[in-house]
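Shown below: coords16.pdb, with PDB, C-alpha atoms.
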MODEL        1
ATOM      1  CA  MET A   1     137.058 218.834 178.488
ATOM      2  CA  VAL A   2     136.894 217.270 175.012
ATOM      3  CA  SER A   3     133.466 216.551 173.554
ATOM      4  CA  LEU A   4     132.974 212.970 172.364
ATOM      5  CA  ARG A   5     130.110 213.894 170.035
ATOM      6  CA  ARG A   6     131.049 213.487 166.398
ATOM      7  CA  SER A   7     130.196 215.998 163.752
ATOM      8  CA  TYR A   8     130.054 215.570 159.991
ATOM      9  CA  PRO A   9     130.100 217.941 157.015
ATOM     10  CA  SER A  10     126.568 219.039 156.192
ATOM     11  CA  PHE A  11     124.923 218.040 152.909
ATOM     12  CA  PRO A  12     124.702 219.798 150.599
ATOM     13  CA  PHE A  13     128.077 221.339 151.288
ATOM     14  CA  HIS A  14     127.894 224.964 152.444
ATOM     15  CA  LEU A  15     129.630 227.392 154.750
ATOM     16  CA  ASP A  16     128.359 228.345 158.184
ATOM     17  CA  GLY A  17     128.139 231.869 159.609
ATOM     18  CA  ARG A  18     131.851 231.816 160.468
ATOM     19  CA  GLY A  19     132.885 230.981 156.904
ATOM     20  CA  GLN A  20     133.819 227.413 157.833
ATOM     21  CA  THR A  21     132.428 224.136 156.572
ATOM     22  CA  ALA A  22     128.940 223.695 158.031
ATOM     23  CA  MET A  23     128.773 220.648 160.274
ATOM     24  CA  THR A  24     125.904 218.450 161.418
ATOM     25  CA  ASP A  25     125.280 215.778 164.035
ATOM     26  CA  GLU A  26     125.109 212.032 163.431
ATOM     27  CA  ASN A  27     121.309 211.861 163.038
ATOM     28  CA  ASP A  28     121.248 214.563 160.362
ATOM     29  CA  HIS A  29     124.294 213.003 158.711
ATOM     30  CA  ILE A  30     122.506 209.667 158.332
ATOM     31  CA  ARG A  31     119.451 211.451 156.891
ATOM     32  CA  ASP A  32     121.806 213.188 154.438
ATOM     33  CA  LEU A  33     123.285 209.827 153.437
ATOM     34  CA  ILE A  34     119.810 208.428 152.755
ATOM     35  CA  GLU A  35     118.965 211.469 150.630
ATOM     36  CA  GLN A  36     122.130 210.996 148.591
ATOM     37  CA  VAL A  37     121.313 207.347 147.909
ATOM     38  CA  LEU A  38     117.724 208.162 146.944
ATOM     39  CA  PHE A  39     118.366 211.036 144.569
ATOM     40  CA  THR A  40     121.607 209.986 142.889
ATOM     41  CA  SER A  41     121.112 208.254 139.563
ATOM     42  CA  PRO A  42     123.201 205.184 138.749
ATOM     43  CA  GLY A  43     126.079 206.286 136.547
ATOM     44  CA  GLU A  44     126.129 209.787 138.021
ATOM     45  CA  ARG A  45     129.209 209.069 140.144
ATOM     46  CA  VAL A  46     132.178 208.072 138.036
ATOM     47  CA  ASN A  47     133.920 205.911 140.623
ATOM     48  CA  ARG A  48     130.690 204.287 141.856
ATOM     49  CA  PRO A  49     128.596 203.702 138.727
ATOM     50  CA  THR A  50     126.003 201.558 140.520
ATOM     51  CA  PHE A  51     125.476 203.997 143.406
ATOM     52  CA  GLY A  52     121.963 205.421 143.797
ATOM     53  CA  THR A  53     118.406 204.534 142.870
ATOM     54  CA  GLY A  54     117.499 206.658 139.869
ATOM     55  CA  LEU A  55     114.452 207.659 141.878
ATOM     56  CA  LEU A  56     113.922 210.951 140.057
ATOM     57  CA  GLN A  57     112.973 209.130 136.857
ATOM     58  CA  TYR A  58     109.968 207.610 138.644
ATOM     59  CA  ALA A  59     108.385 211.031 139.229
ATOM     60  CA  PHE A  60     107.557 211.367 135.527
ATOM     61  CA  LEU A  61     106.054 207.917 134.982
ATOM     62  CA  PRO A  62     102.282 207.357 135.159
ATOM     63  CA  ASN A  63     101.248 206.786 138.760
ATOM     64  CA  SER A  64     100.151 203.207 139.450
ATOM     65  CA  GLU A  65     100.380 200.522 142.112
ATOM     66  CA  PRO A  66     102.981 198.489 140.148
ATOM     67  CA  LEU A  67     105.119 201.636 139.927
ATOM     68  CA  ALA A  68     104.830 202.174 143.690
ATOM     69  CA  VAL A  69     105.879 198.558 144.328
ATOM     70  CA  ALA A  70     108.856 198.881 141.948
ATOM     71  CA  THR A  71     109.877 202.167 143.553
ATOM     72  CA  ARG A  72     109.737 200.711 147.053
ATOM     73  CA  ALA A  73     111.823 197.731 145.920
ATOM     74  CA  ALA A  74     114.441 199.964 144.251
ATOM     75  CA  VAL A  75     114.684 202.223 147.309
ATOM     76  CA  HIS A  76     114.867 199.299 149.747
ATOM     77  CA  GLY A  77     117.528 197.508 147.706
ATOM     78  CA  ALA A  78     119.710 200.592 147.329
ATOM     79  CA  LEU A  79     119.470 201.498 151.016
ATOM     80  CA  ILE A  80     120.385 197.960 152.056
ATOM     81  CA  GLN A  81     123.269 197.847 149.576
ATOM     82  CA  TRP A  82     124.800 201.210 150.415
ATOM     83  CA  LEU A  83     123.760 201.865 154.021
ATOM     84  CA  GLY A  84     122.969 198.395 155.356
ATOM     85  CA  ASP A  85     125.871 198.514 157.787
ATOM     86  CA  VAL A  86     124.535 201.773 159.317
ATOM     87  CA  ILE A  87     120.725 201.538 159.274
ATOM     88  CA  GLU A  88     117.937 198.989 159.351
ATOM     89  CA  VAL A  89     115.168 199.845 156.883
ATOM     90  CA  ARG A  90     111.764 199.244 158.497
ATOM     91  CA  GLU A  91     109.244 200.595 155.980
ATOM     92  CA  ILE A  92     109.158 202.691 152.817
ATOM     93  CA  ASP A  93     106.162 204.755 151.718
ATOM     94  CA  VAL A  94     106.065 206.171 148.192
ATOM     95  CA  ALA A  95     103.579 208.685 146.808
ATOM     96  CA  ALA A  96     103.681 210.344 143.397
ATOM     97  CA  ASP A  97     101.216 213.161 142.763
ATOM     98  CA  GLU A  98     101.643 214.629 139.293
ATOM     99  CA  ALA A  99     105.283 215.866 139.210
ATOM    100  CA  VAL A 100     105.894 215.566 142.968
ATOM    101  CA  LEU A 101     107.568 212.483 144.388
ATOM    102  CA  ARG A 102     107.332 211.898 148.145
ATOM    103  CA  VAL A 103     109.304 209.091 149.776
ATOM    104  CA  THR A 104     109.155 208.383 153.498
ATOM    105  CA  VAL A 105     111.758 206.026 154.891
ATOM    106  CA  HIS A 106     111.214 204.523 158.340
ATOM    107  CA  TYR A 107     114.563 203.328 159.604
ATOM    108  CA  SER A 108     116.593 202.819 162.722
ATOM    109  CA  VAL A 109     120.250 203.368 163.277
ATOM    110  CA  LYS A 110     121.636 199.973 164.269
ATOM    111  CA  GLY A 111     120.300 199.303 167.745
ATOM    112  CA  GLY A 112     118.352 202.559 168.026
ATOM    113  CA  PRO A 113     114.743 203.750 167.865
ATOM    114  CA  VAL A 114     112.795 203.994 164.601
ATOM    115  CA  THR A 115     113.038 207.328 162.819
ATOM    116  CA  ALA A 116     111.052 208.530 159.817
ATOM    117  CA  ALA A 117     112.433 210.894 157.190
ATOM    118  CA  THR A 118     110.417 212.267 154.260
ATOM    119  CA  PHE A 119     112.090 213.350 151.044
ATOM    120  CA  ILE A 120     110.229 215.397 148.433
ATOM    121  CA  ARG A 121     111.305 216.240 144.885
ATOM    122  CA  GLY A 122     109.410 218.038 142.175
ATOM    123  CA  ALA A 123     107.258 221.132 141.813
ATOM    124  CA  PRO A 124     104.774 221.501 144.714
TER     125      PRO A 124
ENDMDL
END
When written as structure tokens, how does the structure in this file appear?
Amino acid sequence: MVSLRRSYPSFPFHLDGRGQTAMTDENDHIRDLIEQVLFTSPGERVNRPTFGTGLLQYAFLPNSEPLAVATRAAVHGALIQWLGDVIEVREIDVAADEAVLRVTVHYSVKGGPVTAATFIRGAP
């Protein structure tokens, strides 16, 4: 019997225990896509110069409420632009503590339940 479940290459790319491309399920794949949008800087991808949020630059700016609002807006806009046909963004929480940036995205896959994924960059 053939399985109808889809699998996707894992991000970041790596090999599994058999020496083959590591694969992941759809839920992890969507989380991987969100992570790529969040932590890719515009201009980093040659063929998609507007792809990404430039989120990493926010980790080194002085922490303030206007910065949190701007960060949420940048994240929301990028997710809608690049993944709007796959997910519905429900809420975005941003916290910057010294050199650590923590972003929690509450989203649902079109027609599904709400899921939360937290992404952390910086020195803990």
Using all atoms listed in the file for the distances, tell me which of A:Met23, A:Ala78, A:Val114, A:Leu56 is nearest to Val37 in chain A.
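Nearest to Val37 in chain A: A:Ala78.
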Written as a PyMOL selection string, which residues does the PyMOL selection byres ((chain A and resi 116) around 7) give for the file shown?
chain A and resi 104-107+114-115+117-118
Carefully work through the PyMOL selection byres ((chain A and resi 36) around 12) for this structure and note down the residues it includes, as a PyMOL selection string.
chain A and resi 10-12+29-35+37-42+44-45+51-56+75+78-79+82-83+119
Distance in Å - CA of Gly112 in chain A versus CA of Glu91 in chain A:
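Separation between CA of Gly112 in chain A and CA of Glu91 in chain A: 15.2 Å.
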When distances are computed from all atoms listed in the file, which of A:Ala73, A:Ala68, A:Arg121, A:Val109 shows the smallest separation from Ala95 in chain A?
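Using all atoms listed in the file, the shortest distance to Ala95 in chain A belongs to A:Ala68.
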Can you work out the spacing between CA of Leu15 in chain A and CA of Val46 in chain A in Å, to one decimal?
25.7 Å
Just want the 9 Å neighbourhood of Ile120 in chain A, counted on only C-alpha atoms, with same-chain residues fewer than 6 positions away dropped. Output as a PyMOL selection string.
chain A and resi 100-104
Using all atoms listed in the file: which of A:Asp97, A:Ile92, A:Tyr8, A:Gly19 has the shortest distance to Val69 in chain A:
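For Val69 in chain A, the nearest of the candidates is A:Ile92.
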Separation of CA of Lys110 in chain A from CA of Thr24 in chain A in Å:
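Calculated distance between CA of Thr24 in chain A and CA of Lys110 in chain A is 19.2 Å.
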I'd like to know which of A:Ala96, A:Gly77, A:Thr21, A:Asp85 is closest to Asn63 in chain A, using all atoms listed in the file.
A:Ala96
So which one's closest to Gln81 in chain A, A:Thr50, A:Phe13, A:Pro62, A:Ser108? Using all atoms listed in the file, please.
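Selected residue with least distance to Gln81 in chain A: A:Thr50.
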Which residues come within 9 Å of Ile80 in chain A, counting all atoms listed in the file, excluding same-chain residues fewer than 6 positions away, as an MDAnalysis selection string?
chainID A and resid 87:89
Return the padded bounding box of range 82-96 of chain A as JSON: axis-aligned, built from all atoms listed in the file, 3 Å added on each side, with centre and edge lengths in Å to one decimal.
{"center_x": 114.7, "center_y": 204.4, "center_z": 151.4, "size_x": 28.3, "size_y": 17.9, "size_z": 22.0}
Coordinates of range 45-62 of chain A, N, CA, C and O atoms, as a compact mmCIF listing (two decimals), in the first residue's frame:
# COMPACT_ATOMS: atom_id res chain seq x y z
N ARG A 45 19.41 36.39 -0.97
CA ARG A 45 19.14 35.45 -2.05
C ARG A 45 19.16 36.21 -3.38
O ARG A 45 18.36 37.11 -3.59
N VAL A 46 20.05 35.81 -4.24
CA VAL A 46 20.29 36.53 -5.48
C VAL A 46 19.03 36.62 -6.35
O VAL A 46 18.70 37.68 -6.86
N ASN A 47 18.33 35.52 -6.50
CA ASN A 47 17.16 35.52 -7.39
C ASN A 47 15.88 36.00 -6.73
O ASN A 47 14.85 36.11 -7.39
N ARG A 48 15.91 36.25 -5.44
CA ARG A 48 14.77 36.79 -4.71
C ARG A 48 15.27 37.88 -3.76
O ARG A 48 15.32 37.68 -2.54
N PRO A 49 15.66 39.02 -4.29
CA PRO A 49 16.30 40.05 -3.45
C PRO A 49 15.41 40.65 -2.36
O PRO A 49 15.92 41.21 -1.39
N THR A 50 14.10 40.50 -2.47
CA THR A 50 13.22 41.05 -1.44
C THR A 50 12.78 40.00 -0.43
O THR A 50 12.03 40.32 0.50
N PHE A 51 13.23 38.77 -0.59
CA PHE A 51 12.84 37.68 0.31
C PHE A 51 13.44 37.89 1.70
O PHE A 51 14.60 38.24 1.83
N GLY A 52 12.64 37.65 2.73
CA GLY A 52 13.13 37.71 4.11
C GLY A 52 12.67 38.94 4.86
O GLY A 52 11.94 39.78 4.34
N THR A 53 13.12 39.02 6.12
CA THR A 53 12.73 40.13 6.99
C THR A 53 13.88 40.98 7.46
O THR A 53 13.68 42.10 7.90
N GLY A 54 15.09 40.44 7.45
CA GLY A 54 16.21 41.17 8.04
C GLY A 54 16.11 41.20 9.55
O GLY A 54 16.63 42.09 10.22
N LEU A 55 15.43 40.23 10.10
CA LEU A 55 15.13 40.18 11.53
C LEU A 55 16.38 40.20 12.41
O LEU A 55 16.35 40.76 13.51
N LEU A 56 17.45 39.60 11.96
CA LEU A 56 18.65 39.53 12.79
C LEU A 56 19.22 40.91 13.13
O LEU A 56 19.82 41.09 14.18
N GLN A 57 19.01 41.89 12.28
CA GLN A 57 19.51 43.23 12.57
C GLN A 57 18.81 43.86 13.77
O GLN A 57 19.36 44.70 14.45
N TYR A 58 17.57 43.42 14.05
CA TYR A 58 16.82 43.98 15.17
C TYR A 58 17.38 43.56 16.53
O TYR A 58 17.17 44.23 17.52
N ALA A 59 18.09 42.45 16.58
CA ALA A 59 18.62 41.94 17.85
C ALA A 59 19.65 42.88 18.45
O ALA A 59 19.87 42.88 19.66
N PHE A 60 20.28 43.72 17.63
CA PHE A 60 21.35 44.58 18.13
C PHE A 60 20.92 46.02 18.31
O PHE A 60 21.74 46.87 18.67
N LEU A 61 19.65 46.31 18.09
CA LEU A 61 19.13 47.66 18.32
C LEU A 61 18.65 47.79 19.75
O LEU A 61 18.28 46.80 20.39
N PRO A 62 18.65 49.00 20.31
CA PRO A 62 18.15 49.18 21.68
C PRO A 62 16.70 48.73 21.81
O PRO A 62 15.86 49.05 20.97
